[in-house]
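Presented below is the structure to which this report refers.
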Amino acid sequence: MQAETNDLQYADVNNDIVRSIVETGPRYYVALGIAGGVALLCFFFPWFYQLYFGIGAAGLNHPGVWGTYLASFIFWIGLSHSGTLLSCVLHLTNSSWRKAMYRSAEAMTLFSLMVAATFVMVHVGRPWFIHWALPYANQMEMWPNFRSPLLFDVMAIATYLTGSSIFIYMGSIPDFAAVRDRTTGWRNTMYTLLSLGWRGTDREWHRLHWAYTFLAVLIIPLAVSVHSIVSWDFAMSLVPALHQTIFAPYFVVGAIYSGTAGIVTVMFVLRRYMNFEQYITKVHFDNLGKLLLLLSLIWTYINMVELFTAWYSDTSTEHEALSYKLFGYYAWLYWEMIAFCAVAPLLCISGRFRTSMVPMLILSIAINIGMYTERFLIVGTSLSRQYLPDSWGVYVPSLVEMSIILGSFALFTTLFLIFVKIFPSVSIYEVKETMDTPTVTSNAEPIAPPEGSPA
Amino acid sequence: MSIFERFTEGWKKYRKPGYYREFDYHWAMTIDLDKCTGCEACVTACKAENNLPIVGEEEFAKGREVQWIRIERYWEGEYPNVKLGFIPMLCQHCDAAPCETVCPVSATYHNQDGLNTQIYNRCIGTRSCAVYCPFEVRYFNFNDHHWDSPLDQQLNPDVTVREKGVMEKCTFCIQRIRQAKDDAKDDGRRRVRDGEVQPACVQSCPSNALVFGDRKDPDSQVAKSMKDPRAYRVLEELNTDPSVVYLKKVDAKG
């Protein structure tokens, strides 16, 4: 299937990917330094300032008590969605084009979830008591409130984080073993521990595949439930524009949509800067482009349904919320979102567009800007127009909030940069599965590939 | 009686329909909009009684003022035929309160007196209760507040001063209710008499527009007042079952 991988040998795959871990150029350190520095300066410093002075450092007010922190939380949870979910679906449907990209996609899931969990702490007023939201035996004999959608959320995210961590780790065990066999020193010790004594026997492969498929089946409903539950934080309220049954599927689709766009961005960067041109090919961009097109259509459809039901309800509160969303203070953001998430992805109809790298990168970033706006609007416009006109108001994010949003991207990048030096960021053994079996198995002297490899 | 029967008996008792609506007292308030002049004496009294912070000009402009009871103003019609309407808005102490279900740490709950209470020490500041409240009567402490000397001398010792990151709202002056119940117990009475306890807003209302009492007692002033044909509840269609009842203002023109 992949014409570009035909000249590759098994040994080349190992060498290329181990090289990406062991050999570290100055460019990497510069990137890590910048990302880490920005994370510290733009994320942690403003956060500490806010911890000291209170949530007042953000632009929040009454009635806008929820703001960009919650929008960022949903955004990062959403971004996390495609990674593991897409990887699972593609694994179960035997799509071999998944194999080169799934490791980085799953890592994206993991780190987005971590950033999202951090945003919960940034969001709450007294994060030093955040553990009260966890069910643990304590001297107060107090349990958290199990009726609360926010508590469902804590549970769902904890489960998803655990599930996707195990999934990415288990899929990496053979690769850890491969790296272990080619490294020395402290790396060898680390990978010896991480590979859990993997020897590559038939039994081990059999068990790995069985367990991997089992987890893949388990994670799909889990991923769907996680974002449904995130939507219930909003949909279970009585706020006019939030109290909607469509919210659960809306959030799930939105999450997969922004996550898929995120994968395109990450793949572009990996391909360009980690020299993975032979593994991440145009086929991947083509397929992900098709997926983006499908998701954008579903997303647009749900948006139209949302507007229609609000209009059809013919109640003054719903009408006010609707007209405020379309023509009110935040209207320009709404139309920006429509332009980026509903109109721009239609370009993916063209096959030439899908296989051009830079336009796909621009589109994927535009989609995620639009999706961030969507999350902000869900919080911002709805809270601004509630039942009592006396408490209508406008919420505008403060500099601290803007800085923390920017810093969260740097935090994510930092985590990802650390990841690519520890995990083989392309799956060694699964890439090999897509290649032709060499006639002589030898790492030392690779031979020419056979003619007429299967398409 | 076997252990299983004992369990099922206990379960039945606990699962008696509506057990969660059986209160010792059922505190309620009526607000007669015909009598209300919008003088905001209740707002001031509440601020003094409950140690509400004076947030200052800058914070006020940001929309962060704290008023457990506020006078909402509404204009009807176009100039010059404008009519001003106002309505005091405070925590409605809903018996089916959305804020209570959403709090992940149960910092707000319904107590045995039918009050919607807020436990400041338990609050972690998710602010979800303020979003879920359709009446917008929950106020968040965005910062720590200070009372410069000698203003700190006038703080009410019966009420805590809330720290940053905590939600707060009207309590129906729970400290006065506690005091009245204690006094009743000391006198050897089983119940608080009608009119014995008044929140600060009710006490300070010059036109007696606000009436407070136990609506479980059919002879109480508030129970009688609630039967008034003018009685209605704000946003009743949301089924939150508020404990605050408004008596509609009747115009001369009808």
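We name chains A, B, ... following the order of the structure tokens; residues begin at 1 in each chain, and ligands are numbered from 1 as shown.
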- Task: Find the spatial neighbours of Phe172 (chain B), counting only C-alpha atoms, within a cut-off of 10 Å - ignore same-chain residues fewer than 3 positions away - and output them as a list of chain:residue names.
- Result: B:Trp27, B:Ala28, B:Met29, B:Cys46, B:Trp68, B:Leu90, B:Cys91, B:Gln92, B:His93, B:Leu115, B:Asn116, B:Thr117, B:Lys169, B:Gln175, B:Arg176, B:Ile177, B:Gln198, B:Pro199, B:Ala200, B:Cys201, B:Val202, B:Phe212
- Contact residues around Val431 (chain A) with only C-alpha atoms at 8 Å, ignoring same-chain residues under 5 positions, as a ChimeraX atom specification: /A:13,99-100,279,426
Output N, CA and C atoms for every residue in that selection, as a PDB file, in the first residue's frame.
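Below is the file out05.pdb, written as the result:
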ATOM      1  N   VAL A  13      14.004   0.402   9.773  1.00  0.00           N
ATOM      2  CA  VAL A  13      12.950   0.901  10.658  1.00  0.00           C
ATOM      3  C   VAL A  13      13.488   1.030  12.074  1.00  0.00           C
ATOM      4  N   LYS A  99      -0.913   2.546  11.224  1.00  0.00           N
ATOM      5  CA  LYS A  99       0.193   2.039  12.032  1.00  0.00           C
ATOM      6  C   LYS A  99       1.318   3.036  12.241  1.00  0.00           C
ATOM      7  N   ALA A 100       1.534   3.902  11.279  1.00  0.00           N
ATOM      8  CA  ALA A 100       2.639   4.837  11.428  1.00  0.00           C
ATOM      9  C   ALA A 100       2.296   5.991  12.351  1.00  0.00           C
ATOM     10  N   TYR A 279       7.491   7.223   6.718  1.00  0.00           N
ATOM     11  CA  TYR A 279       6.471   6.502   7.487  1.00  0.00           C
ATOM     12  C   TYR A 279       5.135   7.230   7.474  1.00  0.00           C
ATOM     13  N   VAL A 426       7.019   6.324  16.516  1.00  0.00           N
ATOM     14  CA  VAL A 426       6.319   5.561  15.482  1.00  0.00           C
ATOM     15  C   VAL A 426       6.460   4.098  15.879  1.00  0.00           C
TER      16      VAL A 426
END
- Query: Residues of chain A within 6 Å of chain B, using only C-alpha atoms, as a list of chain:residue names?
  - Reply: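 Result, ordered by chain then number: A:Gly54, A:Ile55, A:Gly56, A:Asn61, A:His62, A:Val124, A:Gly125, A:Arg126, A:Ala133, A:Pro144, A:Asn145, A:Arg147, A:Ser148, A:Leu150, A:Leu151, A:Ser237, A:Asp390.
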- Long-range neighbours of region 323-332 of chain A as a list in words, 8 Å cut-off, only C-alpha atoms, 5 positions minimum in chain: Leu377, Thr381, Ser382, Arg385 and Val394 of chain A
Using only N, CA and C atoms, please write the residues we just selected to a file, as a short mmCIF file (atom, residue, chain, number, x, y, z; two decimals), in the first residue's frame.
data_model
loop_
_atom_site.label_atom_id
_atom_site.label_comp_id
_atom_site.auth_asym_id
_atom_site.auth_seq_id
_atom_site.Cartn_x
_atom_site.Cartn_y
_atom_site.Cartn_z
N LEU A 377 -17.75 29.93 23.25
CA LEU A 377 -19.10 30.46 23.03
C LEU A 377 -20.13 29.70 23.85
N THR A 381 -21.58 32.86 25.72
CA THR A 381 -22.87 33.44 25.31
C THR A 381 -24.00 32.94 26.18
N SER A 382 -23.94 31.68 26.59
CA SER A 382 -25.07 31.13 27.33
C SER A 382 -25.21 31.80 28.69
N ARG A 385 -26.78 35.45 28.84
CA ARG A 385 -28.22 35.68 28.65
C ARG A 385 -29.00 34.55 29.31
N VAL A 394 -21.74 40.69 30.45
CA VAL A 394 -20.76 40.29 29.46
C VAL A 394 -19.48 39.89 30.18
#
- Task: Do a neighbour search on Phe111 (chain A) at 10 Å with only C-alpha atoms, toss out local chain neighbours closer than 2 positions, and write the hits as a PyMOL selection string.
- Result: chain A and resi 76-77+79-80+106-109+113-117+161+165+411-416+419
Output for the residues just chosen: C-alpha atoms as a PDB file, in the first residue's frame:
ATOM      1  CA  TRP A  76      -8.132  19.786  25.705  1.00  0.00           C
ATOM      2  CA  ILE A  77     -10.472  16.942  26.566  1.00  0.00           C
ATOM      3  CA  LEU A  79      -8.324  17.209  21.535  1.00  0.00           C
ATOM      4  CA  SER A  80      -7.552  14.100  23.529  1.00  0.00           C
ATOM      5  CA  GLU A 106      -2.243   8.192  21.493  1.00  0.00           C
ATOM      6  CA  ALA A 107       0.434  10.320  23.096  1.00  0.00           C
ATOM      7  CA  MET A 108      -1.590  13.358  22.119  1.00  0.00           C
ATOM      8  CA  THR A 109      -4.537  11.850  23.962  1.00  0.00           C
ATOM      9  CA  LEU A 113      -5.848  14.800  29.137  1.00  0.00           C
ATOM     10  CA  MET A 114      -3.098  15.845  31.527  1.00  0.00           C
ATOM     11  CA  VAL A 115      -3.349  19.466  30.426  1.00  0.00           C
ATOM     12  CA  ALA A 116      -7.140  19.259  30.748  1.00  0.00           C
ATOM     13  CA  ALA A 117      -6.848  17.890  34.273  1.00  0.00           C
ATOM     14  CA  LEU A 161      -6.698   8.614  31.543  1.00  0.00           C
ATOM     15  CA  SER A 165      -2.252   5.158  29.508  1.00  0.00           C
ATOM     16  CA  LEU A 411       2.936  22.825  28.351  1.00  0.00           C
ATOM     17  CA  PHE A 412       1.487  20.332  25.887  1.00  0.00           C
ATOM     18  CA  THR A 413       4.459  20.793  23.550  1.00  0.00           C
ATOM     19  CA  THR A 414       6.904  20.305  26.412  1.00  0.00           C
ATOM     20  CA  LEU A 415       5.251  17.046  27.426  1.00  0.00           C
ATOM     21  CA  PHE A 416       5.223  15.903  23.816  1.00  0.00           C
ATOM     22  CA  PHE A 419       7.658  11.885  25.061  1.00  0.00           C
TER      23      PHE A 419
END
- Tell me which protein, DNA and RNA residues are within 7 Å of Tyr69 (chain A), counting only C-alpha atoms, leaving out same-chain ones fewer than 6 positions away, and put them as a list in words. Phe119, Val122 and His123 of chain A
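The shortest atom-to-atom distance to Lys83 (chain B), with only C-alpha atoms taken into account, belongs to B:Asp251 out of B:Asp251, B:Tyr232, B:Val55, B:Glu40.
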- When you draw a straight line from CA of Gly197 (chain A) to CA of Ala177 (chain A), how long is it in Å? 7.7 Å
- Contacts of region 33-38 of chain A at 10 Å or less, counting only C-alpha atoms, minus same-chain residues fewer than 3 places along, as a PyMOL selection string? chain A and resi 27-30+41-44+403+406-415+417
Let me see the file: selected residues, C-alpha atoms, as a tab-separated table (two decimals), in the first residue's frame.
chain	number	residue	atom	x	y	z
A	27	ARG	CA	17.47	21.96	17.58
A	28	TYR	CA	15.64	19.67	19.97
A	29	TYR	CA	17.12	21.31	23.03
A	30	VAL	CA	16.28	24.75	21.70
A	41	LEU	CA	6.40	31.94	32.14
A	42	CYS	CA	2.92	31.94	30.56
A	43	PHE	CA	1.25	29.08	32.38
A	44	PHE	CA	2.69	28.54	35.82
A	403	SER	CA	-1.52	33.92	29.02
A	406	LEU	CA	-1.04	30.27	25.46
A	407	GLY	CA	1.01	28.59	28.15
A	408	SER	CA	-1.12	25.45	28.02
A	409	PHE	CA	-0.03	24.89	24.42
A	410	ALA	CA	3.59	25.26	25.51
A	411	LEU	CA	2.94	22.83	28.35
A	412	PHE	CA	1.49	20.33	25.89
A	413	THR	CA	4.46	20.79	23.55
A	414	THR	CA	6.90	20.31	26.41
A	415	LEU	CA	5.25	17.05	27.43
A	417	LEU	CA	8.89	16.75	23.32
Mind checking which residues fall within 10 Å of Thr317 (chain A), counting only C-alpha atoms, ignoring those fewer than 2 positions away in the same chain, and posting them as a compact mmCIF listing (two decimals) with C-alpha atoms, in the first residue's frame?
# COMPACT_ATOMS: atom_id res chain seq x y z
CA VAL A 239 -29.51 27.66 31.39
CA PRO A 240 -31.54 28.29 28.20
CA ALA A 241 -28.89 27.65 25.54
CA ALA A 310 -34.03 26.75 19.87
CA SER A 313 -39.29 26.18 20.99
CA ASP A 314 -40.66 29.73 20.69
CA THR A 315 -39.91 30.71 24.27
CA HIS A 319 -35.08 33.21 21.44
CA GLU A 320 -33.02 35.71 23.38
CA ALA A 321 -30.16 33.23 23.79
CA LEU A 322 -30.34 32.38 20.09
CA ARG A 385 -28.22 35.68 28.65
CA GLN A 386 -30.13 33.78 31.29
CA TYR A 387 -33.64 34.04 32.68
CA LEU A 388 -33.55 37.29 34.63
CA PRO A 389 -32.64 40.24 32.39
- Among region 8-154 of chain A, which residues carry a DSSP assignment of alpha helix (DSSP H), reported as a ChimeraX atom specification? /A:10-22,26-38,45-53,68-92,102-123,149-154
The selected residues should be written to file as a PDB file, in the first residue's frame (atoms: C-alpha atoms).
ATOM      1  CA  TYR A  10      13.267  -4.066   8.848  1.00  0.00           C
ATOM      2  CA  ALA A  11      16.649  -2.948  10.140  1.00  0.00           C
ATOM      3  CA  ASP A  12      16.152   0.530   8.703  1.00  0.00           C
ATOM      4  CA  VAL A  13      12.950   0.901  10.658  1.00  0.00           C
ATOM      5  CA  ASN A  14      14.679  -0.012  13.887  1.00  0.00           C
ATOM      6  CA  ASN A  15      17.625   2.213  13.122  1.00  0.00           C
ATOM      7  CA  ASP A  16      15.520   5.198  12.108  1.00  0.00           C
ATOM      8  CA  ILE A  17      13.336   5.080  15.137  1.00  0.00           C
ATOM      9  CA  VAL A  18      16.023   4.319  17.680  1.00  0.00           C
ATOM     10  CA  ARG A  19      17.960   7.201  16.145  1.00  0.00           C
ATOM     11  CA  SER A  20      15.026   9.499  16.826  1.00  0.00           C
ATOM     12  CA  ILE A  21      15.331   8.605  20.501  1.00  0.00           C
ATOM     13  CA  VAL A  22      19.082   8.399  21.030  1.00  0.00           C
ATOM     14  CA  PRO A  26      20.749  21.114  19.312  1.00  0.00           C
ATOM     15  CA  ARG A  27      17.467  21.965  17.577  1.00  0.00           C
ATOM     16  CA  TYR A  28      15.640  19.667  19.967  1.00  0.00           C
ATOM     17  CA  TYR A  29      17.122  21.313  23.028  1.00  0.00           C
ATOM     18  CA  VAL A  30      16.279  24.752  21.702  1.00  0.00           C
ATOM     19  CA  ALA A  31      12.701  23.649  21.069  1.00  0.00           C
ATOM     20  CA  LEU A  32      12.428  22.028  24.497  1.00  0.00           C
ATOM     21  CA  GLY A  33      13.944  25.077  26.161  1.00  0.00           C
ATOM     22  CA  ILE A  34      11.551  27.464  24.444  1.00  0.00           C
ATOM     23  CA  ALA A  35       8.505  25.291  25.113  1.00  0.00           C
ATOM     24  CA  GLY A  36       9.442  24.710  28.730  1.00  0.00           C
ATOM     25  CA  GLY A  37      10.277  28.364  29.268  1.00  0.00           C
ATOM     26  CA  VAL A  38       7.023  29.560  27.751  1.00  0.00           C
ATOM     27  CA  PHE A  45       3.583  32.096  36.825  1.00  0.00           C
ATOM     28  CA  PRO A  46       0.126  33.537  36.047  1.00  0.00           C
ATOM     29  CA  TRP A  47      -1.427  30.535  37.726  1.00  0.00           C
ATOM     30  CA  PHE A  48       0.564  31.070  40.890  1.00  0.00           C
ATOM     31  CA  TYR A  49      -0.385  34.726  40.789  1.00  0.00           C
ATOM     32  CA  GLN A  50      -4.018  33.669  40.563  1.00  0.00           C
ATOM     33  CA  LEU A  51      -3.621  31.177  43.395  1.00  0.00           C
ATOM     34  CA  TYR A  52      -2.278  33.959  45.566  1.00  0.00           C
ATOM     35  CA  PHE A  53      -4.802  36.679  44.715  1.00  0.00           C
ATOM     36  CA  THR A  68     -11.947  30.354  29.343  1.00  0.00           C
ATOM     37  CA  TYR A  69     -10.589  27.938  31.932  1.00  0.00           C
ATOM     38  CA  LEU A  70     -13.568  25.711  31.438  1.00  0.00           C
ATOM     39  CA  ALA A  71     -13.511  26.319  27.681  1.00  0.00           C
ATOM     40  CA  SER A  72      -9.842  25.262  27.663  1.00  0.00           C
ATOM     41  CA  PHE A  73     -10.713  22.225  29.737  1.00  0.00           C
ATOM     42  CA  ILE A  74     -13.306  21.087  27.178  1.00  0.00           C
ATOM     43  CA  PHE A  75     -10.942  21.958  24.350  1.00  0.00           C
ATOM     44  CA  TRP A  76      -8.132  19.786  25.705  1.00  0.00           C
ATOM     45  CA  ILE A  77     -10.472  16.942  26.566  1.00  0.00           C
ATOM     46  CA  GLY A  78     -11.799  17.210  23.017  1.00  0.00           C
ATOM     47  CA  LEU A  79      -8.324  17.209  21.535  1.00  0.00           C
ATOM     48  CA  SER A  80      -7.552  14.100  23.529  1.00  0.00           C
ATOM     49  CA  HIS A  81     -10.429  12.268  21.988  1.00  0.00           C
ATOM     50  CA  SER A  82      -9.321  11.395  18.556  1.00  0.00           C
ATOM     51  CA  GLY A  83      -5.989   9.944  19.496  1.00  0.00           C
ATOM     52  CA  THR A  84      -6.862   6.775  21.306  1.00  0.00           C
ATOM     53  CA  LEU A  85     -10.374   6.544  19.884  1.00  0.00           C
ATOM     54  CA  LEU A  86      -9.217   6.790  16.287  1.00  0.00           C
ATOM     55  CA  SER A  87      -6.401   4.381  16.971  1.00  0.00           C
ATOM     56  CA  CYS A  88      -8.857   1.852  18.438  1.00  0.00           C
ATOM     57  CA  VAL A  89     -11.358   2.136  15.615  1.00  0.00           C
ATOM     58  CA  LEU A  90      -8.674   1.800  12.982  1.00  0.00           C
ATOM     59  CA  HIS A  91      -7.095  -1.127  14.813  1.00  0.00           C
ATOM     60  CA  LEU A  92     -10.395  -2.974  14.908  1.00  0.00           C
ATOM     61  CA  TYR A 102      -1.164   5.884  16.064  1.00  0.00           C
ATOM     62  CA  ARG A 103       1.605   6.144  18.652  1.00  0.00           C
ATOM     63  CA  SER A 104       1.844   9.907  18.379  1.00  0.00           C
ATOM     64  CA  ALA A 105      -1.958  10.146  18.254  1.00  0.00           C
ATOM     65  CA  GLU A 106      -2.243   8.192  21.493  1.00  0.00           C
ATOM     66  CA  ALA A 107       0.434  10.320  23.096  1.00  0.00           C
ATOM     67  CA  MET A 108      -1.590  13.358  22.119  1.00  0.00           C
ATOM     68  CA  THR A 109      -4.537  11.850  23.962  1.00  0.00           C
ATOM     69  CA  LEU A 110      -2.507  11.298  27.070  1.00  0.00           C
ATOM     70  CA  PHE A 111      -0.953  14.746  27.223  1.00  0.00           C
ATOM     71  CA  SER A 112      -4.116  16.605  26.306  1.00  0.00           C
ATOM     72  CA  LEU A 113      -5.848  14.800  29.137  1.00  0.00           C
ATOM     73  CA  MET A 114      -3.098  15.845  31.527  1.00  0.00           C
ATOM     74  CA  VAL A 115      -3.349  19.466  30.426  1.00  0.00           C
ATOM     75  CA  ALA A 116      -7.140  19.259  30.748  1.00  0.00           C
ATOM     76  CA  ALA A 117      -6.848  17.890  34.273  1.00  0.00           C
ATOM     77  CA  THR A 118      -4.530  20.790  35.112  1.00  0.00           C
ATOM     78  CA  PHE A 119      -7.172  23.190  33.830  1.00  0.00           C
ATOM     79  CA  VAL A 120      -9.658  21.798  36.338  1.00  0.00           C
ATOM     80  CA  MET A 121      -7.274  22.939  39.044  1.00  0.00           C
ATOM     81  CA  VAL A 122      -6.785  26.307  37.397  1.00  0.00           C
ATOM     82  CA  HIS A 123     -10.559  26.678  37.156  1.00  0.00           C
ATOM     83  CA  PRO A 149     -22.529  15.781  36.668  1.00  0.00           C
ATOM     84  CA  LEU A 150     -19.198  17.295  37.694  1.00  0.00           C
ATOM     85  CA  LEU A 151     -18.455  14.237  39.735  1.00  0.00           C
ATOM     86  CA  PHE A 152     -19.380  11.962  36.817  1.00  0.00           C
ATOM     87  CA  ASP A 153     -16.824  14.005  34.954  1.00  0.00           C
ATOM     88  CA  VAL A 154     -14.063  13.389  37.486  1.00  0.00           C
TER      89      VAL A 154
END
- One decimal, Å: what's the distance from CA of Ile166 (chain A) over to CA of Val179 (chain A), could you say? 19.3 Å
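Note that the spacing between CA of Pro397 (chain A) and CA of Pro63 (chain A) amounts to 13.6 Å.
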- Message: With DSSP run on the backbone, what are the strand (DSSP E or B) residues within region 94-141 of chain B? I'd like them as a list of chain:residue names.
- Response: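 These are the residues in question: B:Thr108, B:Tyr109, B:His110, B:Asn116, B:Thr117, B:Gln118, B:Tyr139, B:Phe140.
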- Query: Given the choices A:Ser425, A:Gly163, A:Met337, A:Leu294, which gets closest to Leu218 (chain A) if the distance is worked out from only C-alpha atoms?
  - Reply: A:Gly163
